[in-house]
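Structure data (TSV, C-alpha atoms) from input-v4.tsv:
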```tsv
chain	number	residue	atom	x	y	z
O	1	MET	CA	-12.92	-77.04	-78.55
O	2	PRO	CA	-13.21	-77.29	-74.78
O	3	ILE	CA	-10.41	-79.57	-73.67
O	4	ARG	CA	-10.80	-81.14	-70.25
O	5	ILE	CA	-7.56	-81.45	-68.30
O	6	ASP	CA	-6.53	-81.60	-64.67
O	7	ASN	CA	-7.30	-78.25	-63.03
O	8	ASP	CA	-3.80	-78.10	-61.51
O	9	LEU	CA	-1.83	-78.98	-64.67
O	10	PRO	CA	0.77	-76.17	-64.99
O	11	VAL	CA	0.19	-75.60	-68.71
O	12	LYS	CA	-3.50	-74.81	-68.05
O	13	LYS	CA	-2.69	-71.17	-67.25
O	14	ILE	CA	-0.65	-70.80	-70.46
O	15	LEU	CA	-3.50	-72.24	-72.54
O	16	GLU	CA	-6.00	-69.87	-70.93
O	17	ASP	CA	-3.69	-66.90	-71.56
O	18	GLU	CA	-3.64	-67.95	-75.24
O	19	ASN	CA	-7.46	-67.83	-75.27
O	20	ILE	CA	-7.79	-71.60	-75.58
O	21	PHE	CA	-10.98	-72.87	-73.98
O	22	VAL	CA	-10.03	-75.17	-71.12
O	23	MET	CA	-13.00	-76.65	-69.28
O	24	ASP	CA	-12.86	-77.35	-65.57
O	25	GLU	CA	-14.33	-80.47	-64.00
O	26	ASN	CA	-17.44	-78.79	-62.60
O	27	ARG	CA	-18.52	-77.38	-65.95
O	28	SER	CA	-17.67	-80.62	-67.74
O	29	ASN	CA	-19.83	-82.64	-65.38
O	30	SER	CA	-22.77	-80.26	-65.85
O	31	GLN	CA	-23.01	-80.90	-69.60
O	32	ASP	CA	-25.23	-83.77	-70.71
O	33	ILE	CA	-23.03	-84.94	-73.59
O	34	ARG	CA	-20.68	-87.82	-74.25
O	35	PRO	CA	-17.12	-86.40	-74.26
O	36	ILE	CA	-14.29	-88.05	-76.18
O	37	ASP	CA	-11.65	-89.67	-73.98
O	38	ILE	CA	-8.12	-89.27	-75.36
O	39	LEU	CA	-5.11	-90.94	-73.77
O	40	ILE	CA	-1.62	-89.53	-74.43
O	41	LEU	CA	1.46	-91.70	-73.95
O	42	ASN	CA	4.07	-88.95	-73.61
O	43	LEU	CA	7.53	-90.37	-74.34
O	44	MET	CA	9.24	-87.02	-74.93
O	45	PRO	CA	11.86	-85.96	-72.35
O	46	LEU	CA	10.49	-82.44	-71.76
O	47	LYS	CA	6.99	-83.59	-70.96
O	48	GLU	CA	5.49	-80.26	-70.00
O	49	ASN	CA	6.55	-78.73	-73.34
O	50	THR	CA	4.95	-81.62	-75.21
O	51	GLU	CA	1.79	-81.36	-73.12
O	52	LEU	CA	1.41	-77.73	-74.13
O	53	GLU	CA	2.11	-78.40	-77.82
O	54	LEU	CA	-0.38	-81.25	-78.06
O	55	LEU	CA	-3.11	-79.49	-76.10
O	56	ARG	CA	-2.83	-76.49	-78.40
O	57	SER	CA	-3.20	-78.78	-81.40
O	58	LEU	CA	-6.21	-80.61	-79.94
O	59	SER	CA	-8.11	-77.42	-79.14
O	60	ASN	CA	-9.66	-76.59	-82.51
O	61	THR	CA	-12.88	-78.59	-82.73
O	62	PRO	CA	-16.31	-78.07	-81.09
O	63	LEU	CA	-16.09	-81.53	-79.52
O	64	GLN	CA	-15.52	-81.87	-75.78
O	65	VAL	CA	-12.37	-83.88	-75.20
O	66	ASN	CA	-11.12	-85.34	-71.93
O	67	ILE	CA	-7.33	-85.62	-71.88
O	68	SER	CA	-5.40	-88.11	-69.74
O	69	PHE	CA	-1.64	-88.67	-69.67
O	70	ILE	CA	0.21	-91.93	-69.07
O	71	ARG	CA	3.87	-92.78	-68.65
O	72	THR	CA	5.90	-95.94	-68.78
O	73	SER	CA	6.58	-97.98	-65.66
O	74	SER	CA	9.77	-99.48	-67.08
O	75	TYR	CA	11.50	-96.12	-67.56
O	76	GLU	CA	11.23	-92.90	-65.56
O	77	SER	CA	11.95	-89.56	-67.20
O	78	LYS	CA	15.11	-87.75	-66.10
O	79	HIS	CA	13.98	-84.36	-67.42
O	80	THR	CA	10.58	-84.01	-65.73
O	81	SER	CA	10.11	-83.76	-61.98
O	82	LYS	CA	8.85	-86.80	-60.11
O	83	GLU	CA	6.22	-84.59	-58.52
O	84	HIS	CA	4.80	-83.63	-61.91
O	85	LEU	CA	4.82	-87.24	-63.14
O	86	HIS	CA	3.16	-88.59	-60.00
O	87	GLN	CA	0.48	-85.89	-59.94
O	88	PHE	CA	-0.52	-85.72	-63.59
O	89	TYR	CA	0.47	-89.07	-65.13
O	90	ARG	CA	-0.90	-92.52	-64.56
O	91	LYS	CA	0.87	-95.76	-65.33
O	92	PHE	CA	-0.50	-98.03	-68.03
O	93	LYS	CA	-1.80	-100.61	-65.58
O	94	ALA	CA	-4.10	-97.94	-64.13
O	95	VAL	CA	-5.89	-97.32	-67.45
O	96	ARG	CA	-5.80	-100.63	-69.28
O	97	SER	CA	-9.12	-101.84	-67.90
O	98	HIS	CA	-10.92	-98.94	-69.63
O	99	LYS	CA	-11.87	-98.30	-73.26
O	100	TRP	CA	-10.50	-95.15	-74.92
O	101	ASP	CA	-11.70	-93.27	-77.97
O	102	GLY	CA	-8.24	-92.18	-79.04
O	103	LEU	CA	-4.59	-92.73	-78.14
O	104	ILE	CA	-1.62	-90.55	-79.04
O	105	ILE	CA	1.89	-92.05	-78.92
O	106	THR	CA	4.51	-89.30	-79.09
O	107	GLY	CA	8.02	-89.30	-80.45
O	108	ALA	CA	11.06	-90.12	-78.33
O	109	PRO	CA	14.81	-89.38	-78.64
O	110	VAL	CA	15.78	-93.04	-79.09
O	111	GLU	CA	15.61	-93.45	-82.85
O	112	LYS	CA	19.27	-94.44	-83.31
O	113	LEU	CA	18.64	-97.53	-81.20
O	114	ASP	CA	17.12	-100.68	-82.60
O	115	PHE	CA	13.54	-100.87	-81.39
O	116	GLU	CA	14.22	-103.90	-79.23
O	117	GLU	CA	17.11	-102.05	-77.53
O	118	VAL	CA	14.81	-99.33	-76.17
O	119	GLU	CA	14.39	-99.84	-72.43
O	120	TYR	CA	10.60	-99.58	-72.48
O	121	TRP	CA	10.03	-101.43	-75.78
O	122	PRO	CA	8.28	-104.47	-74.18
O	123	GLU	CA	5.89	-102.13	-72.38
O	124	LEU	CA	5.21	-100.14	-75.55
O	125	VAL	CA	4.47	-103.40	-77.38
O	126	ASP	CA	2.03	-104.29	-74.61
O	127	ILE	CA	0.31	-100.92	-75.02
O	128	MET	CA	0.09	-101.29	-78.82
O	129	ASP	CA	-1.34	-104.80	-78.47
O	130	TRP	CA	-3.90	-103.56	-75.94
O	131	SER	CA	-4.88	-100.62	-78.18
O	132	GLU	CA	-6.05	-102.93	-80.95
O	133	LYS	CA	-9.20	-103.74	-78.95
O	134	ALA	CA	-9.35	-100.96	-76.37
O	135	VAL	CA	-8.82	-97.86	-78.57
O	136	THR	CA	-10.82	-96.64	-81.57
O	137	SER	CA	-7.90	-94.89	-83.33
O	138	THR	CA	-4.23	-94.38	-82.44
O	139	PHE	CA	-2.22	-91.38	-83.65
O	140	HIS	CA	1.55	-92.05	-83.79
O	141	ILE	CA	4.08	-89.18	-83.99
O	142	CYS	CA	7.70	-89.25	-85.31
O	143	TRP	CA	9.55	-92.10	-83.51
O	144	GLY	CA	6.17	-93.27	-82.27
O	145	ALA	CA	5.15	-93.55	-85.94
O	146	GLN	CA	8.28	-95.53	-86.79
O	147	ALA	CA	7.72	-97.83	-83.82
O	148	GLY	CA	4.08	-98.37	-84.73
O	149	LEU	CA	4.83	-99.06	-88.40
O	150	TYR	CA	7.53	-101.52	-87.40
O	151	TYR	CA	5.58	-103.45	-84.79
O	152	ARG	CA	2.11	-103.32	-86.34
O	153	TYR	CA	3.05	-103.74	-90.03
O	154	GLY	CA	6.69	-104.89	-90.16
O	155	ILE	CA	7.97	-101.68	-91.79
O	156	PRO	CA	11.71	-101.22	-91.15
O	157	LYS	CA	13.44	-97.91	-90.49
O	158	TYR	CA	16.84	-96.80	-91.78
O	159	GLU	CA	19.39	-94.25	-90.60
O	160	MET	CA	19.88	-91.19	-92.80
O	161	GLU	CA	23.23	-89.62	-93.62
O	162	LYS	CA	22.46	-86.60	-91.46
O	163	LYS	CA	19.68	-85.31	-89.26
O	164	LEU	CA	16.52	-84.12	-90.98
O	165	SER	CA	15.79	-80.83	-89.25
O	166	GLY	CA	13.59	-78.00	-90.41
O	167	VAL	CA	10.21	-77.25	-91.92
O	168	TYR	CA	9.66	-79.27	-95.09
O	169	ARG	CA	7.12	-79.07	-97.89
O	170	MET	CA	4.90	-82.12	-98.40
O	171	THR	CA	2.60	-83.05	-101.25
O	172	THR	CA	-0.86	-84.45	-100.56
O	173	PHE	CA	-2.48	-87.36	-102.39
O	174	HIS	CA	-6.01	-88.79	-102.41
O	175	LYS	CA	-7.69	-85.48	-101.68
O	176	ARG	CA	-10.96	-87.20	-100.76
O	177	THR	CA	-9.26	-88.88	-97.79
O	178	GLU	CA	-10.89	-87.41	-94.70
O	179	LEU	CA	-7.62	-87.11	-92.75
O	180	ILE	CA	-6.35	-84.45	-95.16
O	181	ARG	CA	-9.70	-82.85	-95.94
O	182	GLY	CA	-9.16	-79.09	-96.21
O	183	PHE	CA	-5.44	-79.41	-97.01
O	184	ASP	CA	-3.81	-77.56	-99.87
O	185	ASP	CA	-1.87	-79.43	-102.57
O	186	THR	CA	1.26	-78.83	-100.52
O	187	PHE	CA	1.80	-78.02	-96.86
O	188	LEU	CA	4.67	-77.53	-94.41
O	189	ILE	CA	5.52	-79.65	-91.39
O	190	PRO	CA	8.45	-79.64	-88.93
O	191	GLN	CA	10.83	-82.60	-89.06
O	192	SER	CA	13.44	-83.54	-86.47
O	193	ARG	CA	14.86	-87.03	-86.89
O	194	TYR	CA	17.84	-89.14	-87.88
O	195	THR	CA	15.90	-92.05	-89.35
O	196	GLY	CA	13.31	-92.69	-92.04
O	197	VAL	CA	10.85	-95.43	-92.96
O	198	ASP	CA	10.97	-97.72	-95.98
O	199	ARG	CA	8.67	-96.23	-98.62
O	200	THR	CA	8.65	-99.34	-100.80
O	201	ALA	CA	7.64	-101.57	-97.89
O	202	ILE	CA	4.75	-99.22	-97.10
O	203	GLU	CA	3.60	-99.08	-100.72
O	204	ASN	CA	3.67	-102.88	-100.90
O	205	ASN	CA	1.52	-103.31	-97.79
O	206	PRO	CA	-2.20	-103.33	-98.73
O	207	ARG	CA	-3.15	-102.28	-95.19
O	208	LEU	CA	-1.24	-98.99	-95.46
O	209	GLU	CA	-1.89	-95.87	-97.53
O	210	ILE	CA	0.47	-92.89	-97.96
O	211	VAL	CA	-1.54	-89.67	-98.18
O	212	ALA	CA	1.31	-87.13	-97.97
O	213	ASP	CA	5.04	-87.28	-98.62
O	214	SER	CA	8.08	-85.64	-100.21
O	215	GLU	CA	11.12	-86.89	-102.05
O	216	GLU	CA	13.37	-85.30	-99.45
O	217	CYS	CA	11.62	-86.59	-96.31
O	218	GLY	CA	9.84	-89.70	-97.53
O	219	PRO	CA	6.32	-90.67	-96.41
O	220	CYS	CA	4.88	-88.13	-94.00
O	221	ILE	CA	1.25	-89.12	-93.31
O	222	ILE	CA	0.26	-92.78	-93.51
O	223	ILE	CA	-3.11	-94.36	-92.73
O	224	GLY	CA	-3.26	-97.93	-91.47
O	225	ASP	CA	-6.33	-100.17	-91.65
O	226	GLY	CA	-8.64	-97.40	-92.77
O	227	GLY	CA	-7.82	-95.11	-89.85
O	228	LYS	CA	-7.42	-97.54	-86.98
O	229	ASN	CA	-3.82	-96.32	-86.94
O	230	ILE	CA	-2.50	-92.95	-88.12
O	231	PHE	CA	1.23	-92.32	-88.59
O	232	VAL	CA	2.86	-88.90	-88.93
O	233	THR	CA	6.63	-89.01	-89.32
O	234	GLY	CA	7.10	-85.33	-88.47
O	235	HIS	CA	6.03	-83.05	-85.62
O	236	PRO	CA	2.93	-81.07	-86.64
O	237	GLU	CA	2.38	-80.11	-83.00
O	238	TYR	CA	5.76	-78.36	-82.59
O	239	ASP	CA	5.78	-74.87	-81.12
O	240	ILE	CA	7.43	-72.13	-83.14
O	241	LEU	CA	10.59	-72.23	-80.97
O	242	THR	CA	10.99	-76.01	-80.54
O	243	LEU	CA	13.35	-76.50	-83.49
O	244	ASP	CA	15.26	-73.41	-82.35
O	245	SER	CA	15.75	-74.96	-78.90
O	246	GLU	CA	16.90	-78.25	-80.43
O	247	TYR	CA	19.33	-76.46	-82.76
O	248	HIS	CA	20.98	-74.50	-79.95
O	249	ARG	CA	21.00	-77.60	-77.73
O	250	ASP	CA	22.92	-79.51	-80.40
O	251	LEU	CA	25.28	-76.58	-80.87
O	252	GLY	CA	26.00	-76.65	-77.15
O	253	ARG	CA	26.76	-80.36	-77.37
O	254	GLY	CA	29.34	-79.72	-80.09
O	255	LEU	CA	27.38	-81.66	-82.74
O	256	ASN	CA	27.80	-78.94	-85.39
O	257	PRO	CA	24.18	-79.20	-86.59
O	258	ASP	CA	22.96	-77.79	-89.88
O	259	ILE	CA	20.67	-74.78	-89.65
O	260	PRO	CA	17.08	-76.06	-89.74
O	261	VAL	CA	15.73	-75.90	-93.28
O	262	ASN	CA	13.14	-73.25	-94.21
O	263	TYR	CA	12.86	-72.09	-90.62
O	264	TYR	CA	14.77	-68.89	-89.86
O	265	PRO	CA	14.33	-65.83	-92.12
O	266	ASP	CA	17.31	-65.76	-94.50
O	267	ASP	CA	18.64	-68.85	-92.66
O	268	ASP	CA	19.78	-66.52	-89.89
O	269	PRO	CA	19.51	-68.19	-86.45
O	270	THR	CA	19.59	-64.79	-84.75
O	271	GLN	CA	16.17	-63.98	-86.22
O	272	LYS	CA	12.83	-65.19	-84.91
O	273	PRO	CA	11.68	-68.36	-86.71
O	274	MET	CA	8.74	-68.23	-89.09
O	275	ARG	CA	5.48	-69.93	-88.09
O	276	SER	CA	4.31	-71.60	-91.29
O	277	TRP	CA	2.68	-74.92	-90.38
O	278	ARG	CA	0.11	-74.27	-87.64
O	279	CYS	CA	-3.05	-74.11	-89.81
O	280	HIS	CA	-2.45	-77.48	-91.44
O	281	ALA	CA	-1.36	-78.99	-88.13
O	282	ASN	CA	-4.61	-77.90	-86.48
O	283	THR	CA	-6.60	-79.25	-89.43
O	284	LEU	CA	-4.81	-82.60	-89.21
O	285	TYR	CA	-5.61	-83.12	-85.53
O	286	THR	CA	-9.16	-81.84	-85.97
O	287	ASN	CA	-9.78	-84.24	-88.85
O	288	TRP	CA	-8.42	-87.14	-86.82
O	289	LEU	CA	-10.65	-86.34	-83.85
O	290	ASN	CA	-13.71	-85.81	-86.02
O	291	TYR	CA	-13.55	-88.51	-88.70
O	292	TYR	CA	-11.47	-91.25	-87.09
O	293	VAL	CA	-12.45	-90.91	-83.44
O	294	TYR	CA	-15.77	-89.11	-82.89
O	295	GLN	CA	-17.61	-90.52	-85.92
O	296	THR	CA	-16.25	-94.04	-85.40
O	297	THR	CA	-16.10	-94.69	-81.67
O	298	PRO	CA	-19.02	-96.42	-79.89
O	299	TYR	CA	-21.28	-94.11	-77.91
O	300	ASP	CA	-21.30	-96.64	-75.08
O	301	TRP	CA	-18.15	-98.74	-74.73
O	302	THR	CA	-19.82	-101.01	-72.17
O	303	ASN	CA	-21.56	-102.89	-74.97
O	304	GLU	CA	-18.28	-103.64	-76.75
O	305	LYS	CA	-16.43	-106.89	-76.25
O	306	ALA	CA	-12.91	-106.65	-74.82
```

When written as structure tokens, how does the structure in this file appear?
Amino acid sequence: MPIRIDNDLPVKKILEDENIFVMDENRSNSQDIRPIDILILNLMPLKENTELELLRSLSNTPLQVNISFIRTSSYESKHTSKEHLHQFYRKFKAVRSHKWDGLIITGAPVEKLDFEEVEYWPELVDIMDWSEKAVTSTFHICWGAQAGLYYRYGIPKYEMEKKLSGVYRMTTFHKRTELIRGFDDTFLIPQSRYTGVDRTAIENNPRLEIVADSEECGPCIIIGDGGKNIFVTGHPEYDILTLDSEYHRDLGRGLNPDIPVNYYPDDDPTQKPMRSWRCHANTLYTNWLNYYVYQTTPYDWTNEKA
């Protein structure tokens, strides 16, 4: 897929070196087609890393996709330069007057806090309220999924005995569901979290459907309102070395973390991790863009009521 991003975004060169088709503005404007406009609310601390991971994952469909990034006004990242934020990110107030085909809400390292204790929670609530009418489908990742399930459907989270870290095997259900079309009976997905979501509460909500889960990790992929909202409790977009970086970061902090499950060969952190989830991750994002965004969104938003 040709993804359309800012010509000066630093990760553009990395994507091009990986043979990912990145379209510049001139070529994009010369094509007489209706591109898909995707907004990404990046709540992760290392924003450039997350940009690269998500853009890789969104680059596997023939659709032309315009990517825009937003950040919160109520909290400013301490791990990304102000110059990068000011150049490549807009604040919510700058985009809320527009309609968007898709919205991605990332994870965030705040899961041990109650939702209402998170500094930017009121602003996130405002964005989720706005998205109900202004966005065709919203894709929530990890803590973003927990936040969305809690605010949109009243699903509580709970703290686990220890951090869930590694690459875990999930089982798929409802094979005809378009979001998991092309999936095998089981697939792998990275997990990195201290909290889970209440399975029983999800099963008892008629607006929600679990399409993949495991006994160890709980619900993994959940569809809300027929695809208006998608929730993924893991990190399908993770790069091969992301869990490795988190593991060594936690070691350096003296947290004595467990070795990530099913990640290093022979559970040996000195060896290069195994890449075992990318194909299903790419299929997941492609299915979302195709079935829940492209085939659902209005061709002309100007005819839609706000």

| said: Counting all atoms listed in the file, which residue out of O:Phe92, O:Tyr194, O:Tyr151, O:Phe139 sits closest to Leu179 (chain O)? | reply: O:Phe139

So that each row is one residue of region 41-71 of chain O with an atom at most 7 Å from region 281-292 of chain O, can you give its shortest atom pair and the distance in Å to one decimal, using all atoms listed in the file, rows by chain and rising number, as CSV?
```
residue,atom,partner,partner_atom,distance
O:Ser57,CA,O:Asn282,CA,5.3
O:Leu58,CA,O:Tyr285,CA,6.2
O:Asn60,CA,O:Thr286,CA,6.3
O:Thr61,CA,O:Thr286,CA,5.9
```

| task | Please provide as a ChimeraX atom specification all residues within 12 Å of Ser192 (chain O), with the sequence filter that same-chain residues fewer than 3 positions apart are discarded (counting only C-alpha atoms). | result | /O:107-109,111,141-143,160,162-168,189,195-196,217,233-236,238,242-247,250,257-261

| said: as an MDAnalysis selection string, please: the residues near Leu103 (chain O) (cut-off 10 Å, all atoms listed in the file, same-chain neighbours under 6 positions excluded). | reply: chainID O and resid 37:41 67:69 128 131 134:140 229 293

| request: For each of O:Asp6, O:Glu209, O:Glu237, O:Glu216, take the minimum atom-to-atom distance to Phe173 (chain O), counting only C-alpha atoms, then give the residue where this is smallest. | output: O:Glu209

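For the pair CA of Tyr75 (chain O) and CA of Leu54 (chain O), the separation is 21.7 Å.
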
| said: Residues near Asp114 (chain O), anyone? I mean within 12 Å using only C-alpha atoms, not counting same-chain ones fewer than 2 positions away, as number ranges by chain. | reply: O: 110-112, 116-119, 121, 143, 146-147, 150, 156-159, 195

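When all atoms listed in the file are used to compute distances to Val95 (chain O), the closest of the residues O:Arg181, O:Arg199, O:Arg71, O:Lys175 turns out to be O:Arg71.
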
| query | What is the distance, in Å and to one decimal place, between CA of Tyr153 (chain O) and CA of Ile36 (chain O)? | reply |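 Interatomic distance here is 27.2 Å.
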
| query | What does the distance between CA of Phe88 (chain O) and CA of Lys228 (chain O) come to in Å, to one decimal place? | reply |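 If I compute the distance from CA of Phe88 (chain O) to CA of Lys228 (chain O), I get 27.1 Å.
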
| query | Could you pull the residues within 7 Å of Arg169 (chain O), counting all atoms listed in the file, minus those fewer than 4 positions along the same chain, as a list in words? | reply | Thr186, Phe187, Leu188 and Ile189 of chain O

Take every atom of region 289-295 of chain O listed in the file, fit an axis-aligned box around them, add 3 Å per side, and give the centre and edge lengths in Å to one decimal as JSON.
```
{"center_x": -14.1, "center_y": -88.5, "center_z": -85.8, "size_x": 13.0, "size_y": 11.4, "size_z": 11.8}
```

| task | Rank nothing, just name the residue among O:Met170, O:Leu46, O:Leu63, O:Leu55 nearest to Ser77 (chain O), using all atoms listed in the file. | result | O:Leu46

| Nearest to Asp300 (chain O) among O:Glu76, O:Glu48, O:Asp184, O:Asp101, with distances taken over all atoms listed in the file: which residue is it? |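 For Asp300 (chain O), the nearest of the given residues is O:Asp101.
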
| message | Using all atoms listed in the file for the distances, tell me which of O:Met274, O:Leu52, O:Ala212, O:Leu241 is nearest to Ile14 (chain O). | response |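 Closest candidate: O:Leu52.
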
| query | Tyr264 (chain O): which residues within 6 Å, counting only C-alpha atoms, same-chain residues fewer than 4 positions away excluded, as a list in words? | reply |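 Listing them by chain and then by number gives Asp268, Pro269 and Pro273 of chain O.
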